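Enquirer: Got a structure for you, written out below as structure tokens; questions coming shortly.
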Amino acid sequence: MESLAGKQVLVIGMGVSGLAASRLLLAQGADVTAVDGADNDRLHAFTQPLVEAGAKVQLGVNGKLPGEFDLAVVSPGVPPNQPLLENLHADGVPVIGELELGWQNSLCLNIAVTGTNGKTTTTELIAAMLNQAQRRTLAAGNIGTPVCEVAPLTRDLDVLTLEVSSFQLETIDLFRPVVAV
């Protein structure tokens with residue numbers, strides 16, 4: 001992935017995936033603007049560490065934002081027809097998901113599990129078998145731990161085992177795991 005240092009990056013959705021993406025981007029030197037459609041006390045407290053780390057946080061955002069962005073990273077829970085996303089697409093801003101950002105920053109091979117039923121169980125089983133076989137892995141993605149959260153740890157892994165939802169697949173660009181089941 002090209003360096004994001006100094007780039008204007010918008011992160012949409014301040015759940016655990018959006019927070020992890022924002023932290024990863026800040027660590028890379030990106031100029032991060034983090035937004036969410038909701039605006040409440042819990043979310044203000046949840047995003048305060050991002051503000052302290054240098055991100056601009058705007059809550060209650062649902063439409064067009066002033067300024068230009070080099071990239072937008074969207075959390076998997078954000079509806080694809082949200083006006084902010086539609087405006088970004090119309091402006092030609094590249095939009096990727098948190099999964100894509102994390103994968104592009106991963107330093108090991110990846111296994112992805114997707115489908116209708118049994119993703120979590122299968123992901124956990126693969127991770128357990130790999131660890132039992134002395135292959136260092138972590139389970140991440142839709143299973144609960146955002147890929148962006150574990151991306152900095154992948155240097156010490158043999159493989160990253162990912163549970164991937166259909167929502168996450170809607171916002172991929174280059175994502176190509178070594179094995180997909």
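Labels used: A, B, ... for chains in the order of the structure tokens, numbers from 1 for residues in each chain, and numbers from 1 for ligands as shown.
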Extract, using only C-alpha atoms, all DNA, RNA and protein residues at most 10 Å from Gly63 in chain A, discarding same-chain residues fewer than 5 positions from it, and format them as a VMD selection string.
Expert: chain A and resid 37 82 to 88
Enquirer: Based on the selection just made, write N, CA and C atoms of those residues as a compact mmCIF listing (two decimals), in the first residue's frame.
Expert:
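Saved result, out-v5.txt, follows:
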```
# COMPACT_ATOMS: atom_id res chain seq x y z
N GLY A 37 -22.75 9.22 12.10
CA GLY A 37 -24.07 9.83 11.99
C GLY A 37 -24.71 10.08 13.34
N GLN A 82 -25.83 5.51 2.21
CA GLN A 82 -25.78 6.69 3.07
C GLN A 82 -25.36 7.90 2.24
N PRO A 83 -26.00 9.05 2.40
CA PRO A 83 -25.69 10.23 1.58
C PRO A 83 -24.21 10.62 1.57
N LEU A 84 -23.53 10.50 2.70
CA LEU A 84 -22.11 10.86 2.74
C LEU A 84 -21.31 10.00 1.77
N LEU A 85 -21.58 8.69 1.75
CA LEU A 85 -20.88 7.80 0.82
C LEU A 85 -21.22 8.13 -0.62
N GLU A 86 -22.47 8.40 -0.89
CA GLU A 86 -22.88 8.76 -2.25
C GLU A 86 -22.16 10.03 -2.71
N ASN A 87 -22.02 11.01 -1.82
CA ASN A 87 -21.31 12.25 -2.16
C ASN A 87 -19.82 11.98 -2.42
N LEU A 88 -19.21 11.12 -1.62
CA LEU A 88 -17.80 10.79 -1.82
C LEU A 88 -17.58 10.11 -3.17
```
Enquirer: Give the strand (DSSP E or B) residues of chain A, as assigned by DSSP on the backbone, as a PyMOL selection string.
Expert: chain A and resi 8-12+31-36+56-59+71-74+95-97+109-113+137-141+159-163+179-180
Enquirer: Store the residues picked out above, limited to N, CA and C atoms, as an mmCIF file, in the first residue's frame.
Expert:
```
data_model
loop_
_atom_site.group_PDB
_atom_site.id
_atom_site.type_symbol
_atom_site.label_atom_id
_atom_site.label_comp_id
_atom_site.auth_asym_id
_atom_site.auth_seq_id
_atom_site.Cartn_x
_atom_site.Cartn_y
_atom_site.Cartn_z
ATOM 1 N N GLN A 8 -5.117 13.160 3.486
ATOM 2 C CA GLN A 8 -6.387 13.482 4.137
ATOM 3 C C GLN A 8 -7.287 12.247 4.042
ATOM 4 N N VAL A 9 -7.541 11.592 5.170
ATOM 5 C CA VAL A 9 -8.325 10.362 5.156
ATOM 6 C C VAL A 9 -9.555 10.532 6.041
ATOM 7 N N LEU A 10 -10.690 10.183 5.483
ATOM 8 C CA LEU A 10 -11.967 10.235 6.195
ATOM 9 C C LEU A 10 -12.319 8.834 6.642
ATOM 10 N N VAL A 11 -12.645 8.657 7.912
ATOM 11 C CA VAL A 11 -13.105 7.374 8.438
ATOM 12 C C VAL A 11 -14.570 7.542 8.819
ATOM 13 N N ILE A 12 -15.418 6.681 8.255
ATOM 14 C CA ILE A 12 -16.865 6.797 8.443
ATOM 15 C C ILE A 12 -17.357 5.652 9.316
ATOM 16 N N ASP A 31 -3.690 12.358 8.084
ATOM 17 C CA ASP A 31 -4.505 13.412 8.683
ATOM 18 C C ASP A 31 -5.935 12.866 8.702
ATOM 19 N N VAL A 32 -6.398 12.427 9.853
ATOM 20 C CA VAL A 32 -7.649 11.679 9.982
ATOM 21 C C VAL A 32 -8.798 12.568 10.420
ATOM 22 N N THR A 33 -9.888 12.467 9.664
ATOM 23 C CA THR A 33 -11.169 13.023 10.073
ATOM 24 C C THR A 33 -12.092 11.841 10.276
ATOM 25 N N ALA A 34 -12.595 11.679 11.484
ATOM 26 C CA ALA A 34 -13.459 10.549 11.828
ATOM 27 C C ALA A 34 -14.874 11.064 12.059
ATOM 28 N N VAL A 35 -15.853 10.425 11.412
ATOM 29 C CA VAL A 35 -17.232 10.886 11.511
ATOM 30 C C VAL A 35 -18.177 9.740 11.828
ATOM 31 N N ASP A 36 -19.324 10.112 12.374
ATOM 32 C CA ASP A 36 -20.398 9.152 12.634
ATOM 33 C C ASP A 36 -21.714 9.906 12.534
ATOM 34 N N LYS A 56 -9.493 14.651 13.865
ATOM 35 C CA LYS A 56 -10.655 15.540 13.940
ATOM 36 C C LYS A 56 -11.869 14.630 13.990
ATOM 37 N N VAL A 57 -12.717 14.774 14.973
ATOM 38 C CA VAL A 57 -13.902 13.935 15.114
ATOM 39 C C VAL A 57 -15.136 14.811 14.965
ATOM 40 N N GLN A 58 -16.037 14.392 14.088
ATOM 41 C CA GLN A 58 -17.301 15.095 13.881
ATOM 42 C C GLN A 58 -18.434 14.089 14.010
ATOM 43 N N LEU A 59 -19.322 14.349 14.946
ATOM 44 C CA LEU A 59 -20.460 13.452 15.163
ATOM 45 C C LEU A 59 -21.729 14.107 14.634
ATOM 46 N N LEU A 71 -8.766 9.684 0.545
ATOM 47 C CA LEU A 71 -9.273 8.331 0.744
ATOM 48 C C LEU A 71 -10.358 8.373 1.804
ATOM 49 N N ALA A 72 -11.337 7.479 1.677
ATOM 50 C CA ALA A 72 -12.334 7.295 2.732
ATOM 51 C C ALA A 72 -12.327 5.822 3.117
ATOM 52 N N VAL A 73 -12.411 5.561 4.405
ATOM 53 C CA VAL A 73 -12.467 4.204 4.941
ATOM 54 C C VAL A 73 -13.801 4.066 5.659
ATOM 55 N N VAL A 74 -14.590 3.073 5.265
ATOM 56 C CA VAL A 74 -15.930 2.921 5.808
ATOM 57 C C VAL A 74 -16.008 1.667 6.689
ATOM 58 N N VAL A 95 -13.130 4.868 -1.948
ATOM 59 C CA VAL A 95 -13.752 4.414 -0.702
ATOM 60 C C VAL A 95 -13.434 2.930 -0.536
ATOM 61 N N ILE A 96 -12.798 2.602 0.580
ATOM 62 C CA ILE A 96 -12.509 1.207 0.911
ATOM 63 C C ILE A 96 -13.052 0.916 2.294
ATOM 64 N N GLY A 97 -13.150 -0.357 2.617
ATOM 65 C CA GLY A 97 -13.611 -0.757 3.938
ATOM 66 C C GLY A 97 -12.462 -0.956 4.909
ATOM 67 N N LEU A 109 0.442 -13.841 5.326
ATOM 68 C CA LEU A 109 -0.607 -14.422 4.498
ATOM 69 C C LEU A 109 -1.942 -14.362 5.236
ATOM 70 N N ASN A 110 -3.027 -14.438 4.481
ATOM 71 C CA ASN A 110 -4.363 -14.361 5.063
ATOM 72 C C ASN A 110 -5.231 -15.499 4.572
ATOM 73 N N ILE A 111 -6.038 -16.012 5.467
ATOM 74 C CA ILE A 111 -7.095 -16.983 5.143
ATOM 75 C C ILE A 111 -8.404 -16.274 5.430
ATOM 76 N N ALA A 112 -9.356 -16.359 4.509
ATOM 77 C CA ALA A 112 -10.649 -15.697 4.713
ATOM 78 C C ALA A 112 -11.768 -16.724 4.671
ATOM 79 N N VAL A 113 -12.677 -16.609 5.615
ATOM 80 C CA VAL A 113 -13.842 -17.475 5.691
ATOM 81 C C VAL A 113 -15.076 -16.599 5.513
ATOM 82 N N THR A 137 -1.162 -17.635 14.445
ATOM 83 C CA THR A 137 -2.277 -16.956 13.807
ATOM 84 C C THR A 137 -3.132 -16.258 14.845
ATOM 85 N N LEU A 138 -3.922 -15.337 14.391
ATOM 86 C CA LEU A 138 -4.965 -14.692 15.171
ATOM 87 C C LEU A 138 -6.230 -14.732 14.334
ATOM 88 N N ALA A 139 -7.379 -14.807 14.987
ATOM 89 C CA ALA A 139 -8.661 -14.703 14.294
ATOM 90 C C ALA A 139 -9.121 -13.256 14.400
ATOM 91 N N ALA A 140 -9.533 -12.686 13.275
ATOM 92 C CA ALA A 140 -9.958 -11.285 13.261
ATOM 93 C C ALA A 140 -11.026 -11.090 12.192
ATOM 94 N N GLY A 141 -11.461 -9.845 12.063
ATOM 95 C CA GLY A 141 -12.484 -9.513 11.071
ATOM 96 C C GLY A 141 -13.853 -9.478 11.717
ATOM 97 N N VAL A 159 0.139 -16.532 9.574
ATOM 98 C CA VAL A 159 -1.071 -16.319 8.786
ATOM 99 C C VAL A 159 -2.106 -15.611 9.651
ATOM 100 N N LEU A 160 -2.934 -14.801 9.023
ATOM 101 C CA LEU A 160 -4.038 -14.143 9.710
ATOM 102 C C LEU A 160 -5.320 -14.821 9.254
ATOM 103 N N THR A 161 -6.125 -15.275 10.203
ATOM 104 C CA THR A 161 -7.360 -15.988 9.896
ATOM 105 C C THR A 161 -8.523 -15.017 10.045
ATOM 106 N N LEU A 162 -9.234 -14.759 8.941
ATOM 107 C CA LEU A 162 -10.258 -13.724 8.907
ATOM 108 C C LEU A 162 -11.653 -14.283 8.687
ATOM 109 N N GLU A 163 -12.590 -13.820 9.500
ATOM 110 C CA GLU A 163 -14.000 -14.029 9.213
ATOM 111 C C GLU A 163 -14.456 -12.787 8.457
ATOM 112 N N VAL A 179 -6.154 -18.181 0.892
ATOM 113 C CA VAL A 179 -7.178 -19.213 0.888
ATOM 114 C C VAL A 179 -8.501 -18.564 1.246
ATOM 115 N N ALA A 180 -9.540 -18.874 0.488
ATOM 116 C CA ALA A 180 -10.878 -18.385 0.799
ATOM 117 C C ALA A 180 -11.809 -19.588 0.870
#
```
Enquirer: Quick one: of A:Ala55, A:Thr116, A:Ser17, A:Leu157, who's nearest to Leu130 in chain A, counting only C-alpha atoms?
Expert: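 Counting only C-alpha atoms, the residue closest to Leu130 in chain A is A:Leu157.
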Enquirer: Can you measure CA of Asn40 in chain A to CA of Ala27 in chain A for me? One decimal in Å is fine.
Expert: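 CA of Ala27 in chain A lies 26.5 Å from CA of Asn40 in chain A.
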Enquirer: Can you tell me, as a compact mmCIF listing (two decimals) with all heavy atoms, in the first residue's frame, what residues are no more than 9 Å from Ile172 in chain A when counting only C-alpha atoms, ignoring any on the same chain fewer than 2 positions away?
Expert:
```txt
# COMPACT_ATOMS: atom_id res chain seq x y z
N VAL A 95 -13.13 4.87 -1.95
CA VAL A 95 -13.75 4.41 -0.70
C VAL A 95 -13.43 2.93 -0.54
O VAL A 95 -13.73 2.12 -1.42
CB VAL A 95 -15.28 4.62 -0.73
CG1 VAL A 95 -15.91 4.08 0.55
CG2 VAL A 95 -15.63 6.09 -0.92
N ILE A 96 -12.80 2.60 0.58
CA ILE A 96 -12.51 1.21 0.91
C ILE A 96 -13.05 0.92 2.29
O ILE A 96 -13.35 1.82 3.07
CB ILE A 96 -11.00 0.88 0.85
CG1 ILE A 96 -10.21 1.69 1.89
CG2 ILE A 96 -10.47 1.09 -0.57
CD1 ILE A 96 -8.75 1.28 2.03
N GLY A 97 -13.15 -0.36 2.62
CA GLY A 97 -13.61 -0.76 3.94
C GLY A 97 -12.46 -0.96 4.91
O GLY A 97 -11.29 -1.02 4.53
N GLU A 98 -12.81 -1.06 6.17
CA GLU A 98 -11.82 -1.31 7.23
C GLU A 98 -11.08 -2.60 6.95
O GLU A 98 -9.87 -2.69 7.17
CB GLU A 98 -12.53 -1.34 8.59
CG GLU A 98 -11.61 -1.60 9.77
CD GLU A 98 -11.39 -3.07 10.10
OE1 GLU A 98 -12.28 -3.90 9.77
OE2 GLU A 98 -10.34 -3.40 10.69
N LEU A 99 -11.78 -3.63 6.46
CA LEU A 99 -11.14 -4.90 6.11
C LEU A 99 -10.03 -4.68 5.09
O LEU A 99 -8.92 -5.18 5.25
CB LEU A 99 -12.18 -5.88 5.55
CG LEU A 99 -11.64 -7.14 4.89
CD1 LEU A 99 -11.12 -8.11 5.94
CD2 LEU A 99 -12.70 -7.80 4.04
N GLU A 100 -10.33 -3.92 4.04
CA GLU A 100 -9.34 -3.65 2.99
C GLU A 100 -8.13 -2.91 3.56
O GLU A 100 -6.99 -3.27 3.26
CB GLU A 100 -9.98 -2.83 1.88
CG GLU A 100 -9.03 -2.45 0.77
CD GLU A 100 -8.73 -3.57 -0.20
OE1 GLU A 100 -9.52 -4.53 -0.31
OE2 GLU A 100 -7.67 -3.50 -0.85
N LEU A 101 -8.36 -1.88 4.35
CA LEU A 101 -7.26 -1.13 4.94
C LEU A 101 -6.39 -2.04 5.80
O LEU A 101 -5.16 -2.03 5.70
CB LEU A 101 -7.78 0.04 5.78
CG LEU A 101 -6.73 0.88 6.49
CD1 LEU A 101 -5.86 1.63 5.48
CD2 LEU A 101 -7.38 1.85 7.47
N GLN A 168 -18.56 -6.57 4.47
CA GLN A 168 -17.15 -6.21 4.33
C GLN A 168 -16.68 -6.40 2.89
O GLN A 168 -15.85 -5.64 2.41
CB GLN A 168 -16.29 -7.05 5.28
CG GLN A 168 -16.49 -6.67 6.74
CD GLN A 168 -15.84 -7.67 7.67
OE1 GLN A 168 -16.11 -8.87 7.60
NE2 GLN A 168 -15.00 -7.17 8.56
N LEU A 169 -17.20 -7.40 2.23
CA LEU A 169 -16.79 -7.65 0.84
C LEU A 169 -17.28 -6.58 -0.12
O LEU A 169 -16.73 -6.42 -1.21
CB LEU A 169 -17.28 -9.03 0.40
CG LEU A 169 -16.58 -10.21 1.07
CD1 LEU A 169 -17.26 -11.52 0.67
CD2 LEU A 169 -15.10 -10.24 0.74
N GLU A 170 -18.30 -5.82 0.27
CA GLU A 170 -18.82 -4.76 -0.59
C GLU A 170 -17.81 -3.62 -0.77
O GLU A 170 -17.91 -2.86 -1.73
CB GLU A 170 -20.12 -4.19 -0.01
CG GLU A 170 -21.29 -5.14 -0.10
CD GLU A 170 -22.55 -4.58 0.55
OE1 GLU A 170 -22.48 -3.52 1.21
OE2 GLU A 170 -23.60 -5.21 0.41
N LEU A 174 -8.45 -4.47 -3.44
CA LEU A 174 -7.35 -5.38 -3.76
C LEU A 174 -7.36 -6.66 -2.93
O LEU A 174 -6.53 -7.54 -3.15
CB LEU A 174 -6.00 -4.67 -3.56
CG LEU A 174 -5.82 -3.38 -4.35
CD1 LEU A 174 -4.53 -2.67 -3.93
CD2 LEU A 174 -5.83 -3.66 -5.84
N PHE A 175 -8.24 -6.76 -1.95
CA PHE A 175 -8.27 -7.88 -1.01
C PHE A 175 -8.30 -9.22 -1.73
O PHE A 175 -9.23 -9.52 -2.48
CB PHE A 175 -9.51 -7.76 -0.11
CG PHE A 175 -9.71 -8.90 0.85
CD1 PHE A 175 -8.83 -9.10 1.91
CD2 PHE A 175 -10.77 -9.78 0.70
CE1 PHE A 175 -9.02 -10.14 2.80
CE2 PHE A 175 -10.97 -10.83 1.59
CZ PHE A 175 -10.09 -11.00 2.64
```
Enquirer: For each of A:Asn105, A:Ser75, A:Gly60, A:His89, take the minimum atom-to-atom distance to Leu4 in chain A, counting only C-alpha atoms, then give the residue where this is smallest.
Expert: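 Once distances to Leu4 in chain A are computed over only C-alpha atoms, the minimum belongs to A:Asn105.
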Enquirer: Counting only C-alpha atoms, what is within 10 Å of Leu24 in chain A, bar same-chain residues fewer than 6 positions away, as a PyMOL selection string?
Expert: chain A and resi 18+30+101-102+105+148-152
Enquirer: Taking into account only C-alpha atoms, which residue in the set A:Leu43, A:Leu65, A:Val16, A:Met129 is nearest to Asn142 in chain A?
Expert: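 Counting only C-alpha atoms, the residue closest to Asn142 in chain A is A:Val16.
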Enquirer: List as a ChimeraX atom specification the protein and nucleic acid residues near Asp156 in chain A, meaning an atom at most 9 Å away when only C-alpha atoms are counted, but skip any in the same chain fewer than 4 places from it.
Expert: /A:107-108,136-137
Enquirer: Enter the distance from CA of Phe69 in chain A to CA of Asn81 in chain A, in Å, rounded to one decimal.
Expert: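 Atom-to-atom, CA of Phe69 in chain A and CA of Asn81 in chain A are spaced 19.1 Å apart.
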Enquirer: Taking the backbone alone, and naming residues the way the document does, which bits of range 3-174 of chain A are alpha helix (DSSP H) by DSSP, as a ChimeraX atom specification?
Expert: /A:16-27,41-53,83-90,98-104,119-132,147-150,166-169
Enquirer: When you draw a straight line from CA of Val78 in chain A to CA of Ile126 in chain A, how long is it in Å?
Expert: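 CA of Ile126 in chain A lies 28.5 Å from CA of Val78 in chain A.
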Enquirer: Report as a list in words all protein, DNA and RNA residues lying within 9 Å of Gly77 in chain A, evaluated on only C-alpha atoms, omitting residues in the same chain fewer than 5 positions from it.
Expert: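 Near Gly77 in chain A, the qualifying residues are Gly13, Gly15, Phe167 and Gln168 of chain A.
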Enquirer: Hey, which of A:Gln132, A:Asp173, A:Asp158, A:Gly144 ends up closest to Ala20 in chain A? Count only C-alpha atoms.
Expert: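 For Ala20 in chain A, the nearest of the given residues is A:Gly144.
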Enquirer: Let me make sure I understand: among A:Gly118, A:Gln104, A:Met14, A:Glu2, which one has the smallest atom-to-atom distance to Phe46 in chain A if we use only C-alpha atoms?
Expert: A:Met14
